[in-house]
>>> print(open('protein-v7.csv').read())   # CSV, C-alpha atoms
chain,number,residue,atom,x,y,z
A,913,MET,CA,0.0,0.0,0.0
A,914,LYS,CA,1.4,3.4,-1.0
A,915,PRO,CA,2.2,5.6,2.0
A,916,THR,CA,0.0,8.8,2.3
A,917,ASN,CA,1.9,12.0,1.5
A,918,LEU,CA,2.0,14.8,3.9
A,919,ILE,CA,-0.4,17.7,3.1
A,920,ILE,CA,1.1,21.2,3.2
A,921,LEU,CA,-1.7,23.8,3.2
A,922,VAL,CA,-1.0,26.9,1.1
A,923,LEU,CA,-3.7,29.3,2.3
A,924,PHE,CA,-3.9,32.7,0.6
A,925,TYR,CA,-6.1,35.6,-0.3
A,926,SER,CA,-5.6,37.4,-3.6
A,927,ARG,CA,-7.6,40.2,-5.2
A,928,HIS,CA,-5.5,40.8,-8.4
A,929,GLY,CA,-3.5,37.6,-8.7
A,930,ALA,CA,0.0,38.6,-7.3
A,931,THR,CA,-0.4,36.8,-4.0
A,932,ARG,CA,-1.9,33.8,-5.9
A,933,GLN,CA,1.2,33.6,-8.1
A,934,LEU,CA,3.4,33.5,-5.0
A,935,ALA,CA,1.2,30.8,-3.5
A,936,GLU,CA,1.6,28.7,-6.7
A,937,LEU,CA,5.4,29.1,-6.5
A,938,ILE,CA,5.4,28.1,-2.8
A,939,ALA,CA,3.3,25.0,-3.8
A,940,GLN,CA,5.9,24.2,-6.4
A,941,GLY,CA,8.6,24.3,-3.8
A,942,VAL,CA,6.5,22.1,-1.5
A,943,GLU,CA,6.0,19.5,-4.1
A,944,SER,CA,9.7,19.3,-4.9
A,945,VAL,CA,10.1,17.5,-1.6
A,946,PRO,CA,9.4,13.8,-1.9
A,947,GLY,CA,6.3,12.7,0.2
A,948,CYS,CA,4.8,16.1,0.3
A,949,ASP,CA,1.7,17.5,-1.5
A,950,ALA,CA,0.6,21.1,-1.6
A,951,ARG,CA,-3.1,21.9,-1.0
A,952,LEU,CA,-4.0,25.4,-2.4
A,953,ARG,CA,-6.9,27.1,-0.6
A,954,THR,CA,-8.3,30.6,-0.4
A,955,VAL,CA,-10.8,32.6,1.6
A,956,PRO,CA,-13.9,34.5,0.5
A,957,ALA,CA,-13.9,38.2,0.3
A,958,VAL,CA,-15.5,40.2,3.2
A,959,SER,CA,-18.5,42.3,2.1
A,960,THR,CA,-19.7,45.6,3.6
A,961,VAL,CA,-23.2,44.4,3.0
A,962,THR,CA,-24.1,42.0,5.9
A,963,GLU,CA,-26.7,40.2,3.8
A,964,ALA,CA,-24.3,39.3,1.1
A,965,MET,CA,-23.4,35.6,0.8
A,966,ALA,CA,-20.3,34.3,-1.1
A,967,PRO,CA,-21.0,31.3,-3.3
A,968,GLU,CA,-20.0,28.0,-1.7
A,969,VAL,CA,-17.5,27.4,-4.5
A,970,PRO,CA,-15.4,30.2,-6.0
A,971,PRO,CA,-15.9,30.8,-9.7
A,972,ASP,CA,-12.2,30.0,-10.4
A,973,GLY,CA,-9.0,29.2,-8.8
A,974,ALA,CA,-8.4,27.4,-5.4
A,975,PRO,CA,-11.4,26.2,-3.4
A,976,TYR,CA,-12.3,27.9,-0.1
A,977,VAL,CA,-10.6,26.7,3.0
A,978,GLU,CA,-12.4,24.6,5.6
A,979,LEU,CA,-11.4,24.1,9.2
A,980,GLU,CA,-10.7,20.4,8.3
A,981,ASP,CA,-7.9,21.7,6.0
A,982,LEU,CA,-6.1,23.0,9.2
A,983,GLN,CA,-6.6,19.7,10.9
A,984,ASP,CA,-5.3,17.6,8.0
A,985,CYS,CA,-2.2,19.6,7.2
A,986,ALA,CA,1.3,18.9,8.3
A,987,GLY,CA,2.4,22.4,7.6
A,988,LEU,CA,1.0,25.8,6.6
A,989,ALA,CA,2.1,28.6,4.2
A,990,LEU,CA,-0.1,31.7,4.8
A,991,GLY,CA,-0.3,34.6,2.3
A,992,SER,CA,-2.2,37.8,2.0
A,993,PRO,CA,-1.8,41.1,0.1
A,994,THR,CA,-0.9,44.1,2.3
A,995,ARG,CA,-3.6,46.3,3.5
A,996,PHE,CA,-2.0,49.4,5.2
A,997,GLY,CA,0.8,47.3,6.7
A,998,ASN,CA,-1.5,44.4,7.8
A,999,MET,CA,-3.1,41.3,6.4
A,1000,ALA,CA,-6.3,41.7,4.4
A,1001,ALA,CA,-9.6,41.7,6.3
A,1002,ALA,CA,-10.8,38.5,4.6
A,1003,MET,CA,-7.8,36.6,6.0
A,1004,LYS,CA,-8.2,38.1,9.4
A,1005,TYR,CA,-11.9,37.2,9.4
A,1006,PHE,CA,-11.0,33.6,8.7
A,1007,TRP,CA,-8.5,33.4,11.6
A,1008,ASP,CA,-11.1,35.0,13.9
A,1009,GLY,CA,-13.2,31.9,13.3
A,1010,THR,CA,-10.6,29.3,14.3
A,1011,ALA,CA,-11.2,29.3,18.1
A,1012,SER,CA,-12.2,25.7,18.0
A,1013,ASP,CA,-9.0,24.6,16.4
A,1014,TRP,CA,-7.1,26.8,18.9
A,1015,LEU,CA,-8.8,25.1,21.8
A,1016,ALA,CA,-8.1,21.7,20.3
A,1017,GLY,CA,-4.5,22.5,19.5
A,1018,SER,CA,-5.0,21.3,15.8
A,1019,LEU,CA,-2.0,23.4,14.6
A,1020,SER,CA,0.2,23.2,17.6
A,1021,GLY,CA,3.7,22.0,16.8
A,1022,LYS,CA,3.3,22.2,13.0
A,1023,PRO,CA,5.7,24.4,10.9
A,1024,ALA,CA,4.4,27.5,9.2
A,1025,CYS,CA,5.6,30.4,7.0
A,1026,VAL,CA,4.1,33.6,5.6
A,1027,PHE,CA,4.1,35.5,2.3
A,1028,THR,CA,2.7,38.8,0.9
A,1029,SER,CA,2.6,41.2,-2.0
A,1030,THR,CA,2.4,45.0,-2.0
A,1031,GLY,CA,1.7,47.8,-4.5
A,1032,SER,CA,4.6,49.9,-3.3
A,1033,LEU,CA,8.1,48.7,-2.5
A,1034,HIS,CA,8.1,50.0,1.1
A,1035,GLY,CA,4.4,49.5,1.6
A,1036,GLY,CA,4.5,47.4,4.7
A,1037,GLN,CA,5.7,44.0,3.4
A,1038,GLU,CA,7.5,43.0,6.6
A,1039,SER,CA,4.8,44.4,9.0
A,1040,THR,CA,2.2,42.4,7.0
A,1041,LEU,CA,4.3,39.2,7.4
A,1042,LEU,CA,4.6,39.9,11.1
A,1043,SER,CA,0.9,40.5,11.4
A,1044,MET,CA,0.2,37.1,9.9
A,1045,MET,CA,2.6,35.4,12.3
A,1046,ILE,CA,0.7,36.5,15.4
A,1047,PRO,CA,-2.3,34.1,15.0
A,1048,LEU,CA,0.1,31.3,14.1
A,1049,PHE,CA,2.0,31.8,17.3
A,1050,HIS,CA,-1.3,31.7,19.2
A,1051,HIS,CA,-2.1,28.4,17.5
A,1052,GLY,CA,1.3,27.1,18.7
A,1053,MET,CA,2.8,26.8,15.2
A,1054,LEU,CA,6.6,26.8,14.6
A,1055,VAL,CA,7.0,29.8,12.4
A,1056,MET,CA,10.0,30.0,10.0
A,1057,GLY,CA,11.4,32.4,7.5
A,1058,LEU,CA,14.2,32.4,4.9
A,1059,PRO,CA,17.8,32.3,6.1
A,1060,TYR,CA,20.5,34.4,4.5
A,1061,THR,CA,22.0,31.3,3.0
A,1062,HIS,CA,19.7,32.3,0.1
A,1063,PRO,CA,21.9,34.9,-1.7
A,1064,GLU,CA,18.8,36.4,-3.3
A,1065,LEU,CA,18.0,38.1,0.0
A,1066,MET,CA,21.2,40.2,-0.5
A,1067,THR,CA,20.8,40.9,-4.2
A,1068,THR,CA,17.0,41.5,-4.7
A,1069,SER,CA,15.9,45.0,-5.8
A,1070,THR,CA,12.2,44.0,-5.6
A,1071,GLY,CA,10.6,41.7,-3.0
A,1072,GLY,CA,12.1,39.2,-0.6
A,1073,SER,CA,12.5,39.1,3.1
A,1074,PRO,CA,14.0,36.9,5.8
A,1075,TYR,CA,10.5,37.0,7.4
A,1076,GLY,CA,9.0,35.3,4.3
A,1077,ALA,CA,8.5,35.5,0.5
A,1078,THR,CA,7.3,38.8,-0.9
A,1079,HIS,CA,6.5,40.5,-4.2
A,1080,TRP,CA,6.4,44.1,-5.3
A,1081,SER,CA,3.5,44.2,-7.7
A,1082,GLY,CA,3.5,47.9,-8.5
A,1083,ILE,CA,0.7,50.4,-7.9
A,1084,ALA,CA,-1.2,49.2,-10.9
A,1085,GLY,CA,-0.4,45.5,-10.1
A,1086,ASP,CA,1.5,45.2,-13.4
A,1087,LYS,CA,5.0,44.2,-12.3
A,1088,ALA,CA,5.8,40.5,-13.0
A,1089,LEU,CA,7.5,38.5,-10.3
A,1090,SER,CA,11.3,38.9,-10.5
A,1091,ASP,CA,13.7,36.0,-10.7
A,1092,ASP,CA,14.8,36.6,-7.1
A,1093,GLU,CA,11.2,36.7,-5.9
A,1094,LYS,CA,10.4,33.4,-7.7
A,1095,ARG,CA,13.5,31.6,-6.3
A,1096,LEU,CA,12.8,32.8,-2.8
A,1097,ALA,CA,9.1,31.7,-2.9
A,1098,ILE,CA,10.1,28.3,-4.2
A,1099,ALA,CA,12.8,28.0,-1.6
A,1100,LEU,CA,10.3,28.9,1.2
A,1101,GLY,CA,7.9,26.2,0.1
A,1102,ARG,CA,10.7,23.7,0.0
A,1103,ARG,CA,12.0,24.7,3.4
A,1104,LEU,CA,8.5,24.4,4.9
A,1105,ALA,CA,7.9,20.9,3.4
A,1106,GLU,CA,11.4,19.7,4.4
A,1107,ASN,CA,10.8,20.7,8.0
A,1108,ALA,CA,7.3,19.2,8.0
A,1109,ALA,CA,8.7,15.9,6.8
A,1110,LYS,CA,11.4,16.0,9.6
A,1111,LEU,CA,8.8,16.7,12.3
A,1112,ALA,CA,6.6,13.9,11.0
A,1113,GLY,CA,9.5,11.5,11.0
A,1114,ALA,CA,9.1,11.0,7.2
>>> encode(input="protein-v7.csv", output="structure tokens")
Amino acid sequence: MKPTNLIILVLFYSRHGATRQLAELIAQGVESVPGCDARLRTVPAVSTVTEAMAPEVPPDGAPYVELEDLQDCAGLALGSPTRFGNMAAAMKYFWDGTASDWLAGSLSGKPACVFTSTGSLHGGQESTLLSMMIPLFHHGMLVMGLPYTHPELMTTSTGGSPYGATHWSGIAGDKALSDDEKRLAIALGRRLAENAAKLAGA
């Protein structure tokens, strides 16, 4: 019987596609590690109209995350675009609803990492990454970043941070991911999966 691969949850919110591209690169890095599979999931947008209901299945892209995805995963990569130096409201809203998993310790001891994209180069990339780490610490996760053994951290003129993978998308969202950003995102996914495998004894 074939052994079951470890599931690494890549959970993101993306409005214009930049954060989704980072998520897909991180998933590529995850799946470069034998025995690990990436599971891409997103969250619905938050509406200012309280009666508005999101469809149960998004029209395209990754399915919406469910709490079972947190319970099933061996590791988590969490991504959001920057909103005034913080994670987007849609992602914060999701984490506000995870008290049952917090009480149960569903994520405790599992490795995690974070990633983001911003319209301006100094628009709060690192503060957004730090804001996403906070609920992960409360859930008991083992949060990791990117070490400076990755030379791209010293050479990048776009995104990239020791706190996690980032992308500078430009104010119009028209900047393609740079080679440094791509390599760092893939490396982050690979590092997350390698540590998940070690912790699982795989």
>>> residues_around(input="protein-v7.csv", residues="region 928-942 of chain A", least_positions_apart="3", cutoff="8 Å", atoms="all atoms listed in the file", output="PDB file with C-alpha atoms, in the frame of the given file")
ATOM      1  CA  ILE A 920       1.100  21.200   3.200  1.00  0.00           C
ATOM      2  CA  VAL A 922      -1.000  26.900   1.100  1.00  0.00           C
ATOM      3  CA  LEU A 923      -3.700  29.300   2.300  1.00  0.00           C
ATOM      4  CA  PHE A 924      -3.900  32.700   0.600  1.00  0.00           C
ATOM      5  CA  TYR A 925      -6.100  35.600  -0.300  1.00  0.00           C
ATOM      6  CA  VAL A 945      10.100  17.500  -1.600  1.00  0.00           C
ATOM      7  CA  CYS A 948       4.800  16.100   0.300  1.00  0.00           C
ATOM      8  CA  ASP A 949       1.700  17.500  -1.500  1.00  0.00           C
ATOM      9  CA  ALA A 950       0.600  21.100  -1.600  1.00  0.00           C
ATOM     10  CA  ARG A 951      -3.100  21.900  -1.000  1.00  0.00           C
ATOM     11  CA  LEU A 952      -4.000  25.400  -2.400  1.00  0.00           C
ATOM     12  CA  ALA A 989       2.100  28.600   4.200  1.00  0.00           C
ATOM     13  CA  GLY A 991      -0.300  34.600   2.300  1.00  0.00           C
ATOM     14  CA  SER A 992      -2.200  37.800   2.000  1.00  0.00           C
ATOM     15  CA  PRO A 993      -1.800  41.100   0.100  1.00  0.00           C
ATOM     16  CA  PHE A1027       4.100  35.500   2.300  1.00  0.00           C
ATOM     17  CA  THR A1028       2.700  38.800   0.900  1.00  0.00           C
ATOM     18  CA  SER A1029       2.600  41.200  -2.000  1.00  0.00           C
ATOM     19  CA  ALA A1077       8.500  35.500   0.500  1.00  0.00           C
ATOM     20  CA  THR A1078       7.300  38.800  -0.900  1.00  0.00           C
ATOM     21  CA  HIS A1079       6.500  40.500  -4.200  1.00  0.00           C
ATOM     22  CA  SER A1081       3.500  44.200  -7.700  1.00  0.00           C
ATOM     23  CA  GLY A1085      -0.400  45.500 -10.100  1.00  0.00           C
ATOM     24  CA  LYS A1094      10.400  33.400  -7.700  1.00  0.00           C
ATOM     25  CA  ALA A1097       9.100  31.700  -2.900  1.00  0.00           C
ATOM     26  CA  ILE A1098      10.100  28.300  -4.200  1.00  0.00           C
ATOM     27  CA  ALA A1099      12.800  28.000  -1.600  1.00  0.00           C
ATOM     28  CA  LEU A1100      10.300  28.900   1.200  1.00  0.00           C
ATOM     29  CA  GLY A1101       7.900  26.200   0.100  1.00  0.00           C
ATOM     30  CA  ARG A1102      10.700  23.700   0.000  1.00  0.00           C
ATOM     31  CA  ARG A1103      12.000  24.700   3.400  1.00  0.00           C
ATOM     32  CA  LEU A1104       8.500  24.400   4.900  1.00  0.00           C
ATOM     33  CA  ALA A1105       7.900  20.900   3.400  1.00  0.00           C
TER      34      ALA A1105
END
>>> residues_around(input="protein-v7.csv", residues="region 999-1014 of chain A", least_positions_apart="6", cutoff="7 Å", atoms="only C-alpha atoms", output="PyMOL selection string")
chain A and resi 925+955-958+992-993+1040+1043-1044+1051
>>> residues_around(input="protein-v7.csv", residues="Gly1031 (chain A)", least_positions_apart="3", cutoff="10 Å", atoms="only C-alpha atoms", output="list in words")
Ala930, Pro993, Thr994, Arg995, His1034, Gly1035, Gly1036, Gln1037, His1079, Trp1080, Ser1081, Gly1082, Ile1083, Ala1084, Gly1085, Asp1086 and Lys1087 of chain A
>>> closest_residue(input="protein-v7.csv", among="A:Ile919, A:Met1045, A:Ala1112, A:Leu1096", to="Glu1064 (chain A)", atoms="only C-alpha atoms")
A:Leu1096
>>> closest_residue(input="protein-v7.csv", among="A:Leu979, A:Leu988, A:Met1053, A:Ala1024", to="Tyr1075 (chain A)", atoms="all atoms listed in the file")
A:Ala1024
>>> closest_residue(input="protein-v7.csv", among="A:Pro1059, A:Gly1113, A:Gly1017, A:Gly997", to="Leu982 (chain A)", atoms="only C-alpha atoms")
A:Gly1017
>>> atom_distance(input="protein-v7.csv", atom1="CA of Gln983 (chain A)", atom2="CA of Leu918 (chain A)")
12.1 Å
>>> atom_distance(input="protein-v7.csv", atom1="CA of Leu1041 (chain A)", atom2="CA of Pro1023 (chain A)")
15.3 Å
>>> closest_residue(input="protein-v7.csv", among="A:Leu1033, A:Leu1054, A:Ala1109, A:Val977", to="Gly1072 (chain A)", atoms="only C-alpha atoms")
A:Leu1033
>>> atom_distance(input="protein-v7.csv", atom1="CA of Asp981 (chain A)", atom2="CA of Leu1089 (chain A)")
28.0 Å
>>> residues_around(input="protein-v7.csv", residues="Asp1092 (chain A)", least_positions_apart="6", cutoff="9 Å", atoms="all atoms listed in the file", output="list in words")
Glu1064, Leu1065, Thr1067, Thr1068, Ser1069, Thr1070, Gly1071 and Gly1072 of chain A
>>> closest_residue(input="protein-v7.csv", among="A:Thr916, A:Ser1020, A:Thr960, A:Asn998", to="Leu1048 (chain A)", atoms="only C-alpha atoms")
A:Ser1020
